[in-house]
$ cat query.txt   # compact mmCIF, C-alpha atoms and all ligand atoms
# COMPACT_ATOMS: atom_id res chain seq x y z
CA MET V 1180 8.70 -12.39 -33.53
CA LYS V 1181 11.16 -9.71 -32.40
CA ALA V 1182 13.72 -10.82 -34.95
CA ALA V 1183 11.15 -11.11 -37.72
CA CYS V 1184 9.96 -7.58 -37.08
CA GLU V 1185 13.38 -6.02 -36.82
CA LYS V 1186 14.40 -7.50 -40.17
CA SER V 1187 11.40 -6.31 -42.10
CA GLN V 1188 9.66 -3.12 -42.96
CA ALA V 1189 6.72 -1.74 -40.97
CA VAL V 1190 3.83 -0.33 -42.97
CA CYS V 1191 1.04 1.82 -41.67
CA THR V 1192 -1.86 0.02 -43.33
CA SER V 1193 -4.72 2.03 -41.93
CA LEU V 1194 -5.09 5.28 -40.07
CA LYS V 1195 -8.38 6.27 -38.53
CA LYS V 1196 -8.98 9.70 -37.06
CA GLU V 1197 -12.10 10.39 -35.11
CA LYS V 1198 -13.17 13.63 -33.49
CA LYS V 1199 -14.43 13.10 -29.96
CA THR V 1200 -15.99 15.38 -27.39
CA VAL V 1201 -15.97 15.12 -23.61
CA ALA V 1202 -18.70 17.19 -22.02
CA PRO V 1203 -17.82 19.34 -18.99
CA PRO V 1204 -18.42 17.76 -15.57
CA LYS V 1205 -21.62 18.31 -13.63
CA LEU V 1206 -21.63 20.36 -10.43
CA PHE V 1207 -20.90 18.75 -7.06
CA ASP V 1208 -23.41 16.92 -4.96
CA LEU V 1209 -22.05 15.85 -1.59
CA THR V 1210 -20.98 12.36 -2.66
CA ALA V 1211 -19.12 13.66 -5.73
CA LEU V 1212 -17.36 16.28 -3.59
CA GLN V 1213 -16.41 13.66 -1.01
CA ARG V 1214 -15.05 11.40 -3.74
CA GLU V 1215 -12.94 14.05 -5.40
CA ALA V 1216 -11.59 15.40 -2.09
CA ASN V 1217 -10.63 11.86 -1.12
CA ARG V 1218 -8.95 11.18 -4.45
CA LEU V 1219 -7.00 14.45 -4.52
CA TYR V 1220 -6.40 15.25 -0.86
CA GLY V 1221 -7.06 11.99 0.96
CA PHE V 1222 -9.86 13.59 3.01
CA THR V 1223 -12.21 11.04 4.51
CA ALA V 1224 -15.88 11.36 3.60
CA LYS V 1225 -16.55 12.54 7.14
CA GLN V 1226 -13.80 15.18 7.02
CA THR V 1227 -15.15 16.57 3.77
CA LEU V 1228 -18.64 16.74 5.25
CA ASP V 1229 -17.27 18.49 8.36
CA TYR V 1230 -15.27 21.05 6.36
CA ALA V 1231 -18.23 21.69 4.06
CA GLN V 1232 -20.52 22.11 7.04
CA ALA V 1233 -18.08 24.61 8.60
CA LEU V 1234 -17.95 26.58 5.33
CA TYR V 1235 -21.74 26.48 5.16
CA GLU V 1236 -22.00 27.85 8.67
CA LYS V 1237 -19.63 30.66 7.69
CA ARG V 1238 -22.05 31.36 4.81
CA LEU V 1239 -19.34 30.77 2.21
CA LEU V 1240 -20.76 27.57 0.76
CA THR V 1241 -24.33 26.57 -0.05
CA TYR V 1242 -26.07 23.70 1.78
CA PRO V 1243 -23.74 20.70 1.48
CA ARG V 1244 -26.03 17.73 2.24
CA THR V 1245 -27.49 17.71 -1.23
CA ASP V 1246 -27.87 14.94 -3.76
CA SER V 1247 -28.36 17.21 -6.76
CA LYS V 1248 -25.69 18.14 -9.28
CA TYR V 1249 -27.90 20.82 -10.84
CA ILE V 1250 -29.18 24.33 -10.31
CA THR V 1251 -32.62 25.72 -11.11
CA SER V 1252 -33.27 28.03 -14.04
CA ASP V 1253 -33.98 31.02 -11.80
CA MET V 1254 -30.40 30.75 -10.51
CA GLN V 1255 -28.79 31.23 -13.93
CA ASP V 1256 -28.16 34.97 -13.66
CA SER V 1257 -26.84 34.97 -10.12
CA THR V 1258 -24.62 31.97 -10.93
CA LYS V 1259 -23.18 33.78 -13.94
CA GLU V 1260 -22.35 36.75 -11.72
CA LEU V 1261 -20.72 34.33 -9.32
CA ILE V 1262 -18.58 32.95 -12.14
CA THR V 1263 -17.47 36.44 -13.20
CA GLY V 1264 -16.53 37.15 -9.60
CA LEU V 1265 -14.59 33.89 -9.29
CA CYS V 1266 -12.66 34.59 -12.50
CA SER V 1267 -11.21 37.73 -10.96
CA LEU V 1268 -10.81 36.25 -7.47
CA LEU V 1269 -8.95 33.06 -8.43
CA PRO V 1270 -5.36 33.70 -9.56
CA PHE V 1271 -5.30 30.65 -11.83
CA MET V 1272 -8.14 32.07 -13.92
CA ARG V 1273 -6.15 35.20 -14.81
CA ASP V 1274 -5.44 34.24 -18.42
CA VAL V 1275 -8.55 32.18 -19.08
CA LYS V 1276 -11.34 33.52 -21.22
CA LEU V 1277 -14.50 31.83 -20.04
CA GLN V 1278 -17.78 32.16 -21.90
CA ALA V 1279 -20.01 30.76 -19.18
CA ASP V 1280 -22.68 28.37 -20.39
CA LEU V 1281 -24.95 26.92 -17.71
CA THR V 1282 -27.51 25.13 -19.85
CA ARG V 1283 -26.06 21.69 -19.11
CA VAL V 1284 -26.30 22.06 -15.33
CA CYS V 1285 -29.62 23.85 -15.25
CA ASP V 1286 -32.50 21.43 -14.73
CA ASN V 1287 -35.43 22.16 -12.46
CA SER V 1288 -36.57 18.54 -12.51
CA LYS V 1289 -33.27 17.39 -11.00
CA VAL V 1290 -33.35 19.71 -8.02
CA THR V 1291 -35.60 18.48 -5.22
CA ASP V 1292 -34.77 19.95 -1.82
CA HIS V 1293 -31.40 21.53 -2.47
CA HIS V 1294 -29.38 22.47 -5.54
CA ALA V 1295 -25.76 21.51 -6.20
CA ILE V 1296 -22.97 22.75 -3.91
CA LEU V 1297 -21.77 26.22 -4.92
CA PRO V 1298 -19.67 28.98 -3.42
CA THR V 1299 -21.80 31.90 -2.19
CA ALA V 1300 -21.77 35.60 -3.11
CA GLU V 1301 -20.46 36.17 0.40
CA PHE V 1302 -17.38 34.13 -0.49
CA LEU V 1303 -16.60 36.57 -3.33
CA LYS V 1304 -16.30 39.31 -0.72
CA THR V 1305 -14.17 37.47 1.84
CA GLY V 1306 -12.13 35.16 -0.38
CA PHE V 1307 -9.83 32.58 1.16
CA SER V 1308 -8.34 34.86 3.82
CA SER V 1309 -10.15 33.47 6.86
CA LEU V 1310 -10.07 29.82 5.83
CA THR V 1311 -8.05 26.93 7.20
CA ASP V 1312 -5.83 25.00 4.85
CA SER V 1313 -8.35 22.18 4.42
CA GLU V 1314 -11.25 24.57 3.92
CA THR V 1315 -9.23 26.38 1.26
CA LYS V 1316 -8.65 23.11 -0.57
CA LEU V 1317 -12.31 22.19 -0.47
CA MET V 1318 -13.44 25.65 -1.51
CA THR V 1319 -11.02 25.58 -4.44
CA LEU V 1320 -12.51 22.28 -5.60
CA VAL V 1321 -16.03 23.68 -5.48
CA CYS V 1322 -15.06 26.88 -7.33
CA ALA V 1323 -13.10 24.98 -9.98
CA LYS V 1324 -16.00 22.58 -10.52
CA LEU V 1325 -18.41 25.44 -11.13
CA LEU V 1326 -16.02 27.04 -13.61
CA CYS V 1327 -15.40 23.71 -15.39
CA ALA V 1328 -19.12 22.95 -15.57
CA ALA V 1329 -19.72 26.28 -17.29
CA ALA V 1330 -16.82 25.90 -19.75
CA ALA V 1331 -16.69 24.49 -23.26
CA PRO V 1332 -16.38 20.75 -23.96
CA TYR V 1333 -12.99 19.13 -24.36
CA GLU V 1334 -12.43 18.08 -27.95
CA TYR V 1335 -9.82 15.75 -29.24
CA GLU V 1336 -8.98 13.58 -32.18
CA ALA V 1337 -8.62 9.89 -31.47
CA VAL V 1338 -6.11 8.29 -33.76
CA THR V 1339 -6.02 4.56 -34.38
CA ALA V 1340 -3.15 3.36 -36.53
CA VAL V 1341 -2.82 -0.21 -37.77
CA ILE V 1342 0.71 -1.19 -38.61
CA SER V 1343 1.79 -4.46 -40.12
CA CYS V 1344 5.28 -5.76 -39.79
CA GLY V 1345 6.98 -9.11 -40.32
CA GLY V 1346 3.63 -10.80 -40.82
CA TYR V 1347 2.13 -9.42 -37.62
CA THR V 1348 -0.44 -6.69 -37.16
CA PHE V 1349 -0.15 -4.05 -34.45
CA THR V 1350 -2.56 -1.36 -33.33
CA ALA V 1351 -1.55 1.96 -31.83
CA LYS V 1352 -3.96 4.43 -30.26
CA GLY V 1353 -3.35 8.04 -29.40
CA LYS V 1354 -4.99 11.39 -28.87
CA THR V 1355 -4.47 14.85 -30.25
CA THR V 1356 -6.12 17.69 -28.37
CA LEU V 1357 -8.19 20.02 -30.53
CA CYS V 1358 -9.72 22.18 -27.84
CA GLU V 1359 -8.86 21.91 -24.13
CA GLY V 1360 -12.15 23.49 -23.04
CA TRP V 1361 -12.99 22.73 -19.38
CA ARG V 1362 -9.87 20.63 -18.99
CA GLU V 1363 -7.72 23.74 -19.13
CA ILE V 1364 -9.44 25.09 -16.01
CA GLU V 1365 -9.15 21.75 -14.27
CA LYS V 1366 -5.44 21.54 -15.04
CA LEU V 1367 -4.80 25.13 -13.93
CA SER V 1368 -6.67 24.70 -10.67
CA ARG V 1369 -4.87 21.43 -9.93
CA ALA V 1370 -1.53 23.05 -10.68
CA ALA V 1371 -2.41 26.01 -8.46
CA SER V 1372 -3.18 23.76 -5.52
CA GLU V 1373 -0.20 21.56 -6.37
CA GLU V 1374 -2.37 18.52 -6.56
CA GLN V 1375 -1.62 15.67 -8.82
CA ASP V 1376 -4.31 13.34 -9.84
CA GLU V 1377 -2.64 9.99 -9.26
CA ASP V 1378 -5.38 8.12 -10.98
CA ALA V 1379 -5.33 10.18 -14.16
CA GLU V 1380 -4.33 7.99 -17.06
CA PRO V 1381 -1.29 9.07 -18.97
CA GLU V 1382 -2.15 10.08 -22.48
CA THR V 1383 -0.43 8.61 -25.48
CA VAL V 1384 0.53 11.02 -28.17
CA LEU V 1385 1.29 9.50 -31.55
CA PRO V 1386 3.74 11.09 -33.97
CA PRO V 1387 2.23 12.33 -37.24
CA LEU V 1388 1.43 9.30 -39.38
CA ALA V 1389 0.10 8.73 -42.86
CA GLU V 1390 -1.45 5.71 -44.47
CA GLY V 1391 1.10 3.78 -46.48
CA GLN V 1392 3.99 5.27 -44.57
CA THR V 1393 6.83 2.81 -44.09
CA PHE V 1394 9.55 2.38 -41.49
CA ASP V 1395 12.67 0.34 -42.14
CA ASN V 1396 14.16 -2.01 -39.58
CA PRO V 1397 11.93 -0.91 -36.69
CA ALA V 1398 13.16 -1.46 -33.13
CA ALA V 1399 11.18 -4.26 -31.55
CA GLU V 1400 10.63 -5.08 -27.94
CA ILE V 1401 8.58 -7.74 -26.25
CA SER V 1402 7.14 -6.78 -22.92
CA GLU V 1403 5.51 -9.03 -20.43
CA CYS V 1404 2.40 -7.74 -18.74
CA TYR V 1405 0.36 -8.95 -15.85
CA THR V 1406 -3.23 -8.27 -15.06
CA GLN V 1407 -3.61 -6.40 -11.80
CA PRO V 1408 -5.70 -7.81 -8.97
CA PRO V 1409 -8.64 -5.57 -8.11
CA LYS V 1410 -7.61 -2.61 -5.99
CA ALA V 1411 -8.75 -2.12 -2.42
CA TYR V 1412 -11.46 0.50 -2.02
CA THR V 1413 -10.59 4.06 -1.18
CA GLU V 1414 -13.35 6.27 0.21
CA ASP V 1415 -13.65 7.68 -3.28
CA THR V 1416 -14.36 4.33 -4.92
CA LEU V 1417 -16.36 3.02 -1.95
CA LEU V 1418 -18.69 6.04 -2.04
CA SER V 1419 -19.26 5.36 -5.72
CA ALA V 1420 -19.90 1.68 -5.04
CA MET V 1421 -22.38 2.58 -2.28
CA GLU V 1422 -24.15 4.98 -4.60
CA ASN V 1423 -24.45 2.34 -7.31
CA ALA V 1424 -24.95 -0.77 -5.17
CA GLY V 1425 -27.67 -3.02 -6.49
CA LYS V 1426 -28.50 -0.67 -9.34
CA GLU V 1427 -29.40 -3.51 -11.68
CA GLU V 1428 -31.89 -5.11 -9.32
CA THR V 1429 -33.43 -1.89 -8.02
CA PRO V 1430 -36.43 -0.63 -9.95
CA GLU V 1431 -35.73 2.38 -12.13
CA ASP V 1432 -38.19 4.63 -10.29
CA ALA V 1433 -37.06 3.71 -6.76
CA GLU V 1434 -36.79 6.74 -4.50
CA ARG V 1435 -33.78 5.44 -2.69
CA LYS V 1436 -31.00 3.75 -4.57
CA GLY V 1437 -27.72 2.31 -3.43
CA LEU V 1438 -26.57 2.08 0.17
CA GLY V 1439 -27.20 5.03 2.45
CA THR V 1440 -27.94 8.57 1.32
CA THR V 1441 -25.68 11.43 0.37
CA ALA V 1442 -25.90 12.69 3.92
CA THR V 1443 -25.34 9.36 5.72
CA ARG V 1444 -22.61 7.62 3.73
CA ALA V 1445 -19.73 9.35 5.55
CA GLY V 1446 -21.21 8.26 8.88
CA ILE V 1447 -21.64 4.68 7.68
CA ILE V 1448 -17.97 4.45 6.71
CA GLU V 1449 -16.87 5.94 10.05
CA LYS V 1450 -19.04 3.45 11.89
CA LEU V 1451 -17.47 0.49 10.10
CA ILE V 1452 -14.08 1.74 11.20
CA SER V 1453 -14.97 2.57 14.81
CA ALA V 1454 -16.70 -0.81 15.19
CA GLY V 1455 -13.58 -2.57 13.96
CA PHE V 1456 -14.94 -3.99 10.70
CA ALA V 1457 -12.61 -2.00 8.47
CA GLU V 1458 -9.44 -0.03 8.90
CA ARG V 1459 -7.69 2.77 7.05
CA LYS V 1460 -4.33 2.14 5.51
CA GLY V 1461 -3.35 5.41 3.87
CA LYS V 1462 -6.21 6.14 1.49
CA LYS V 1463 -7.23 2.50 1.36
CA LEU V 1464 -10.03 0.94 3.35
CA ILE V 1465 -9.25 -2.64 4.27
CA PRO V 1466 -11.79 -5.00 5.81
CA THR V 1467 -10.63 -6.56 9.08
CA LYS V 1468 -11.01 -10.22 9.97
CA ASP V 1469 -14.22 -9.32 11.81
CA GLY V 1470 -15.40 -7.45 8.74
CA TYR V 1471 -14.95 -10.47 6.50
CA ASN V 1472 -16.61 -12.73 9.03
CA LEU V 1473 -19.59 -10.45 9.56
CA ALA V 1474 -20.21 -10.23 5.84
CA ALA V 1475 -19.92 -14.01 5.65
CA ILE V 1476 -22.50 -14.83 8.32
CA LEU V 1477 -25.12 -12.12 7.78
CA PRO V 1478 -28.22 -13.31 5.95
CA ASP V 1479 -28.47 -12.10 2.35
CA SER V 1480 -31.68 -10.21 3.00
CA LEU V 1481 -29.81 -7.88 5.38
CA THR V 1482 -26.79 -7.22 3.19
CA SER V 1483 -28.78 -6.52 0.03
CA PRO V 1484 -29.10 -2.87 -1.02
CA GLN V 1485 -32.62 -3.73 -2.17
CA LEU V 1486 -33.82 -3.74 1.42
CA THR V 1487 -32.81 -0.08 1.81
CA ALA V 1488 -34.30 0.72 -1.57
CA GLU V 1489 -37.61 -0.87 -0.58
CA TRP V 1490 -37.73 0.89 2.74
CA GLY V 1491 -36.83 4.19 1.09
CA THR V 1492 -39.67 3.83 -1.38
CA ARG V 1493 -42.15 2.95 1.35
CA LEU V 1494 -41.04 5.79 3.63
CA THR V 1495 -41.56 8.22 0.77
CA GLY V 1496 -45.01 6.68 0.30
CA ILE V 1497 -45.75 7.30 3.98
CA ALA V 1498 -44.54 10.90 3.67
CA LYS V 1499 -46.90 11.37 0.72
CA GLY V 1500 -49.77 9.69 2.57
CA SER V 1501 -50.12 6.79 0.14
CA ASP V 1502 -48.67 4.17 2.46
CA SER V 1503 -49.54 3.32 6.03
CA PRO V 1504 -46.98 3.68 8.82
CA ALA V 1505 -48.65 0.91 10.80
CA ASP V 1506 -48.37 -1.54 7.90
CA PHE V 1507 -44.74 -0.63 7.42
CA MET V 1508 -43.90 -1.14 11.09
CA ARG V 1509 -45.76 -4.44 11.14
CA GLY V 1510 -43.66 -5.59 8.20
CA ILE V 1511 -40.48 -4.63 10.02
CA GLU V 1512 -41.63 -6.44 13.15
CA GLU V 1513 -42.42 -9.59 11.22
CA MET V 1514 -39.12 -9.49 9.43
CA THR V 1515 -37.18 -8.95 12.65
CA ALA V 1516 -39.01 -11.76 14.41
CA GLY V 1517 -38.34 -14.05 11.47
CA LEU V 1518 -34.66 -13.19 11.41
CA VAL V 1519 -34.24 -13.70 15.13
CA LYS V 1520 -36.03 -17.04 14.91
CA THR V 1521 -33.91 -18.27 12.03
CA TYR V 1522 -30.60 -16.95 13.17
CA SER V 1523 -30.83 -16.88 16.97
CA ALA V 1524 -28.49 -19.79 17.32
CA ILE V 1525 -25.28 -18.97 15.61
CA SER V 1526 -23.35 -22.18 15.27
CA GLU V 1527 -20.36 -22.58 17.55
CA ASP V 1528 -18.06 -22.50 14.55
CA LYS V 1529 -19.43 -19.15 13.47
CA ALA V 1530 -19.33 -17.74 16.99
CA LYS V 1531 -15.70 -18.73 17.18
CA LEU V 1532 -14.97 -16.43 14.26
CA PHE V 1533 -15.59 -13.51 16.58
CA THR V 1534 -13.47 -14.45 19.55
CA PRO V 1535 -10.81 -11.77 19.66
CA GLN V 1536 -7.49 -12.76 18.25
CA ARG V 1537 -5.34 -12.98 21.32
CA GLU V 1538 -1.65 -13.15 21.51
CA ALA V 1539 -0.29 -15.97 23.58
CA ILE V 1540 2.20 -14.72 26.15
CA GLY V 1541 3.77 -18.14 26.63
CA THR V 1542 3.08 -21.82 27.08
CA CYS V 1543 1.55 -23.48 30.07
CA PRO V 1544 4.11 -25.27 32.28
CA ARG V 1545 1.52 -27.88 33.19
CA CYS V 1546 0.03 -28.84 29.82
CA GLY V 1547 1.91 -26.93 27.14
CA ALA V 1548 -1.16 -25.04 25.80
CA ALA V 1549 -1.02 -21.31 25.11
CA VAL V 1550 -1.31 -18.91 28.03
CA TYR V 1551 -3.25 -15.68 27.52
CA GLU V 1552 -3.53 -12.46 29.43
CA GLY V 1553 -6.93 -11.87 30.98
CA LYS V 1554 -8.14 -8.77 32.77
CA LYS V 1555 -7.13 -10.08 36.17
CA ASN V 1556 -4.89 -12.99 35.39
CA PHE V 1557 -2.76 -14.98 33.02
CA TYR V 1558 -4.55 -18.20 32.21
CA CYS V 1559 -4.06 -21.44 30.35
CA SER V 1560 -6.19 -21.65 27.21
CA ASP V 1561 -7.03 -25.28 27.87
CA ARG V 1562 -10.13 -25.17 30.02
CA ALA V 1563 -9.41 -28.61 31.44
CA CYS V 1564 -6.11 -27.32 32.83
CA SER V 1565 -6.34 -25.16 35.92
CA PHE V 1566 -3.12 -23.20 35.51
CA VAL V 1567 -3.69 -19.54 36.28
CA MET V 1568 -1.50 -16.77 37.66
CA TRP V 1569 -3.43 -13.94 39.31
CA LYS V 1570 -2.22 -10.41 38.79
CA ASN V 1571 -3.11 -9.54 42.36
CA ASP V 1572 -1.16 -12.50 43.73
CA ARG V 1573 -0.11 -11.83 47.34
CA PHE V 1574 3.50 -12.58 46.48
CA PHE V 1575 3.69 -9.54 44.20
CA GLU V 1576 1.40 -7.34 46.30
CA GLN V 1577 3.55 -7.82 49.38
CA ARG V 1578 6.64 -6.87 47.42
CA LYS V 1579 4.80 -3.86 45.96
CA LYS V 1580 5.48 -4.92 42.38
CA ALA V 1581 2.94 -5.05 39.58
CA PHE V 1582 2.62 -8.51 38.07
CA THR V 1583 3.05 -7.39 34.46
CA LYS V 1584 2.69 -9.26 31.21
CA ALA V 1585 6.47 -9.03 30.74
CA ILE V 1586 7.07 -10.71 34.10
CA ALA V 1587 4.52 -13.42 33.34
CA ALA V 1588 6.04 -14.05 29.92
CA ALA V 1589 9.54 -14.39 31.38
CA LEU V 1590 8.33 -16.76 34.09
CA LEU V 1591 6.64 -18.97 31.51
CA LYS V 1592 9.66 -18.94 29.24
CA ASP V 1593 12.53 -19.36 31.71
CA GLY V 1594 10.83 -20.28 34.97
CA LYS V 1595 12.42 -17.23 36.55
CA VAL V 1596 12.66 -13.47 36.15
CA LYS V 1597 14.91 -10.78 37.52
CA ILE V 1598 12.95 -8.06 39.30
CA LYS V 1599 14.32 -4.80 40.58
CA GLY V 1600 13.12 -2.78 43.55
CA MET V 1601 11.09 -5.37 45.43
CA TYR V 1602 9.93 -4.24 48.84
CA SER V 1603 10.91 -6.27 51.82
CA THR V 1604 8.44 -6.34 54.69
CA LYS V 1605 11.25 -7.50 56.99
CA THR V 1606 13.71 -4.69 56.34
CA GLY V 1607 11.39 -2.03 55.00
CA LYS V 1608 13.85 -1.58 52.14
CA THR V 1609 13.76 -2.52 48.51
CA PHE V 1610 15.99 -5.12 46.92
CA ASP V 1611 16.68 -6.70 43.52
CA GLY V 1612 16.26 -10.41 43.12
CA VAL V 1613 15.28 -13.34 40.95
CA VAL V 1614 11.74 -14.65 41.27
CA LEU V 1615 11.11 -18.30 40.52
CA LEU V 1616 7.94 -19.90 39.28
CA ALA V 1617 7.50 -22.62 41.86
CA ASP V 1618 4.42 -24.33 40.56
CA THR V 1619 3.32 -27.38 42.48
CA GLY V 1620 0.23 -28.06 40.42
CA GLY V 1621 -2.14 -26.86 43.12
CA LYS V 1622 -4.99 -24.38 42.94
CA TYR V 1623 -2.64 -21.43 43.24
CA VAL V 1624 0.68 -21.06 41.53
CA ASN V 1625 3.53 -20.36 43.94
CA PHE V 1626 6.40 -17.95 43.52
CA ARG V 1627 9.51 -17.52 45.55
CA VAL V 1628 12.62 -15.41 45.58
CA GLU V 1629 15.75 -17.29 44.62
CA GLN V 1630 18.11 -17.62 47.58
CA ASN V 1631 21.59 -17.10 46.28
CA ARG V 1632 22.93 -14.63 48.81
CA LYS V 1633 25.58 -16.41 50.82
ZN ZN V 1701 -2.36 -25.70 30.97
$ encode --input "query.txt" --output "structure tokens"
Amino acid sequence: MKAACEKSQAVCTSLKKEKKTVAPPKLFDLTALQREANRLYGFTAKQTLDYAQALYEKRLLTYPRTDSKYITSDMQDSTKELITGLCSLLPFMRDVKLQADLTRVCDNSKVTDHHAILPTAEFLKTGFSSLTDSETKLMTLVCAKLLCAAAAPYEYEAVTAVISCGGYTFTAKGKTTLCEGWREIEKLSRAASEEQDEDAEPETVLPPLAEGQTFDNPAAEISECYTQPPKAYTEDTLLSAMENAGKEETPEDAERKGLGTTATRAGIIEKLISAGFAERKGKKLIPTKDGYNLAAILPDSLTSPQLTAEWGTRLTGIAKGSDSPADFMRGIEEMTAGLVKTYSAISEDKAKLFTPQREAIGTCPRCGAAVYEGKKNFYCSDRACSFVMWKNDRFFEQRKKAFTKAIAAALLKDGKVKIKGMYSTKTGKTFDGVVLLADTGGKYVNFRVEQNRK
């Protein structure tokens, strides 16, 4: 194929140009802010919530625990003033001419308790001067999002060229920017905060082409590609997955969709980590062995986002007076009783999944099974074998030495261990010596000091 192409002439057989428009982004609700701050700065969802809360308490940011990306129509004028103020406050806006248009983010029906997250008029007065580094980053995101949301759409021309060569057909796609619109502000703000969007896809720019254009002896190259395995979640992508969990099965008009709410998702992620079901590796969230196992044994009814959706809908009904709290609680009781009845006896195999993964410190001198460290002893893992070395063994207590894991490991491995600074009750002094494991198979394991002093 490579040879065939290189020998022949390439012809551009078709060239399609299409004008496309990308609307400006919406304003931030909490989840969207948490996602972007995680993607750009690696902030955890909880950190973002904490920083936003601190900014809110300083009266520089509006209420952060919101799930709306919109403002109400009566806020249009004050928001436009805010934008004018931001344009002169933010250095990266110096050369940008922004004709603010808020129609796309103004929707009274999409604001329930709180509107989208915005900087406040107070922030225009104080600026960034009193803010910590992290607060500055977060504030910059919020300001830039407002400016982007009010800017013009991004317009580009999508070019698709079909080229035939040596009997094969190739397709090339590229973009030509017609109007940067809101993307200019996004780029400037990112550059100002020296943030690179790692996930941004590189754009292909095609050279000017014309239909019927030919190329002689084109250079050909065959490249091998692999499909990538799915990536581990970051808090950014996990928040999105939580927001959209079970969307297909959840009724369109459900009050509560997805897992958790805007205000609780950060806490849910933290809880998974503190309980040991997931761990952070850089930006990635990786399930632990316990995490996998828990997900594997939990009944489907408990892991389904529909349960939360149902409860959410019913709780709203109770708040509105159309549903009865007693009925709801009875339902929960019945469900809990049912679950406990069905799942009270976890099979031994499943229970075993949760025994902590212990590290053997050595092998048992009596039976050869692994020896583990317990709170008070070092014990043989074979229950039928009675080998156990107590940490408070009199031998070590008398000599005023702690019976450490290192000592136990050495005794199991070599049958002896060199110990410095043992106390002698006879002389009242300390001495160095070699301790032997002198096991006789009895209830207690014996130790003795090697006698090699002549
Ligand atoms: Zn044993």
$ residues_near_ligand --input "query.txt" --ligand "ligand ZN 1701 (chain V)" --cutoff "10 Å" --atoms "all atoms listed in the file" --output "PyMOL selection string"
chain V and resi 1542-1550+1558-1567
$ write_last_selection --input "query.txt" --atoms "C-alpha atoms" --output "mmCIF file, in the frame of the given file"
data_model
loop_
_atom_site.group_PDB
_atom_site.id
_atom_site.type_symbol
_atom_site.label_atom_id
_atom_site.label_comp_id
_atom_site.auth_asym_id
_atom_site.auth_seq_id
_atom_site.Cartn_x
_atom_site.Cartn_y
_atom_site.Cartn_z
ATOM 1 C CA THR V 1542 3.080 -21.820 27.080
ATOM 2 C CA CYS V 1543 1.550 -23.480 30.070
ATOM 3 C CA PRO V 1544 4.110 -25.270 32.280
ATOM 4 C CA ARG V 1545 1.520 -27.880 33.190
ATOM 5 C CA CYS V 1546 0.030 -28.840 29.820
ATOM 6 C CA GLY V 1547 1.910 -26.930 27.140
ATOM 7 C CA ALA V 1548 -1.160 -25.040 25.800
ATOM 8 C CA ALA V 1549 -1.020 -21.310 25.110
ATOM 9 C CA VAL V 1550 -1.310 -18.910 28.030
ATOM 10 C CA TYR V 1558 -4.550 -18.200 32.210
ATOM 11 C CA CYS V 1559 -4.060 -21.440 30.350
ATOM 12 C CA SER V 1560 -6.190 -21.650 27.210
ATOM 13 C CA ASP V 1561 -7.030 -25.280 27.870
ATOM 14 C CA ARG V 1562 -10.130 -25.170 30.020
ATOM 15 C CA ALA V 1563 -9.410 -28.610 31.440
ATOM 16 C CA CYS V 1564 -6.110 -27.320 32.830
ATOM 17 C CA SER V 1565 -6.340 -25.160 35.920
ATOM 18 C CA PHE V 1566 -3.120 -23.200 35.510
ATOM 19 C CA VAL V 1567 -3.690 -19.540 36.280
#
$ atom_distance --input "query.txt" --atom1 "atom CA of Leu1261 of chain V" --atom2 "atom CA of Ser1309 of chain V"
19.3 Å
$ closest_residue --input "query.txt" --among "V:Gly1439, V:Gly1346, V:Gly1541, V:Gly1391" --to "Ser1193 of chain V" --atoms "only C-alpha atoms"
V:Gly1391
$ atom_distance --input "query.txt" --atom1 "atom CA of Ala1295 of chain V" --atom2 "atom CA of Lys1463 of chain V"
27.6 Å
$ closest_residue --input "query.txt" --among "V:Leu1385, V:Ala1581, V:Leu1281, V:Ala1370" --to "Lys1205 of chain V" --atoms "only C-alpha atoms"
V:Leu1281
$ closest_residue --input "query.txt" --among "V:Glu1301, V:Asp1528, V:Glu1489, V:Asp1256" --to "Glu1236 of chain V" --atoms "all atoms listed in the file"
V:Glu1301
$ closest_residue --input "query.txt" --among "V:Asp1292, V:Leu1240, V:Ala1340, V:Tyr1249" --to "Gly1306 of chain V" --atoms "only C-alpha atoms"
V:Leu1240
$ residues_near_point --input "query.txt" --point "(1.0, -14.0, 30.9)" --cutoff "8 Å" --atoms "all atoms listed in the file" --output "PyMOL selection string"
chain V and resi 1539-1541+1550-1552+1556-1558+1568+1583-1588+1591
$ write_last_selection --input "query.txt" --atoms "C-alpha atoms" --output "PDB file, keeping the file's coordinate frame"
ATOM      1  CA  ALA V1539      -0.290 -15.970  23.580  1.00  0.00           C
ATOM      2  CA  ILE V1540       2.200 -14.720  26.150  1.00  0.00           C
ATOM      3  CA  GLY V1541       3.770 -18.140  26.630  1.00  0.00           C
ATOM      4  CA  VAL V1550      -1.310 -18.910  28.030  1.00  0.00           C
ATOM      5  CA  TYR V1551      -3.250 -15.680  27.520  1.00  0.00           C
ATOM      6  CA  GLU V1552      -3.530 -12.460  29.430  1.00  0.00           C
ATOM      7  CA  ASN V1556      -4.890 -12.990  35.390  1.00  0.00           C
ATOM      8  CA  PHE V1557      -2.760 -14.980  33.020  1.00  0.00           C
ATOM      9  CA  TYR V1558      -4.550 -18.200  32.210  1.00  0.00           C
ATOM     10  CA  MET V1568      -1.500 -16.770  37.660  1.00  0.00           C
ATOM     11  CA  THR V1583       3.050  -7.390  34.460  1.00  0.00           C
ATOM     12  CA  LYS V1584       2.690  -9.260  31.210  1.00  0.00           C
ATOM     13  CA  ALA V1585       6.470  -9.030  30.740  1.00  0.00           C
ATOM     14  CA  ILE V1586       7.070 -10.710  34.100  1.00  0.00           C
ATOM     15  CA  ALA V1587       4.520 -13.420  33.340  1.00  0.00           C
ATOM     16  CA  ALA V1588       6.040 -14.050  29.920  1.00  0.00           C
ATOM     17  CA  LEU V1591       6.640 -18.970  31.510  1.00  0.00           C
TER      18      LEU V1591
END
